[in-house]
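S.K.: Provided herewith is a single structure, encoded as structure tokens, for subsequent inquiry.
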Amino acid sequence: MPITLRAEVTFTPTEYGAVLLDLRTGRYWQLSRTAAVIVAAVRAGRGRDGALDDLRVRFDVGDDRLVRDVDTLLEQLRAGGLAVC
């Protein structure tokens with residue numbers, strides 16, 4: 001099953017990336033520009049692979065690092081209760 005943000009989590013782009021707000025807890029999560037690209041792909045239903053594709057286009061970074069960074073963020077979102085799969 002693909003990863004998705006919980007319905008109670010809002011996503012707001014900012015000048016520096018984005019902010020997630022968990023409406024259940026009132027907690028804010030500040031995202032870097034890179035993390036915002038990943039979350040935007042997840043929100044659009046494109047999941048992990050879509051996030052990797054978007055990052056490959058935007059950044060000149062090795063694939064190993066991209067995969068590690070995407071997987072780390074997705075795990076943090078799951079662990080924080082912001083996303084489910």
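Residues are named by chain letter and number: chains run A, B, ... in the order of the structure tokens, numbers start at 1 in each chain, and ligands are numbered from 1 in the order shown.
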Running DSSP on the backbone, which parts of chain A land in strand (DSSP E or B), as a PyMOL selection string?

M.R.: chain A and resi 4-5+9-14+17-22+27-31+83-84

S.K.: Near Pro2 (chain A), counting only C-alpha atoms, which residues have an atom at most 9 Å away, once you skip same-chain residues fewer than 6 positions from it, shown as a PyMOL selection string?

M.R.: chain A and resi 42+45-48+84-85

S.K.: Could you tell me, as a ChimeraX atom specification, which residues of chain A DSSP assigns to helix (DSSP H, G or I) when given the backbone?

M.R.: /A:33-43,47-58,63-79

S.K.: Leaving out region 28-41 of chain A and any residue of its chain fewer than 4 positions from it, which residues lie within 10 Å of it when counting only C-alpha atoms, given as a ChimeraX atom specification?

M.R.: /A:4-5,9-23,45-55,58-59,66,69-71,73-74,77,80,82-83

S.K.: State, in Å with one decimal place, the distance from CA of Val57 (chain A) to CA of Ala7 (chain A).

M.R.: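 One can read the CA of Val57 (chain A) to CA of Ala7 (chain A) distance as 28.4 Å.
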
S.K.: So how far away is CA of Ile3 (chain A) from CA of Arg43 (chain A), in Å?

M.R.: 9.1 Å
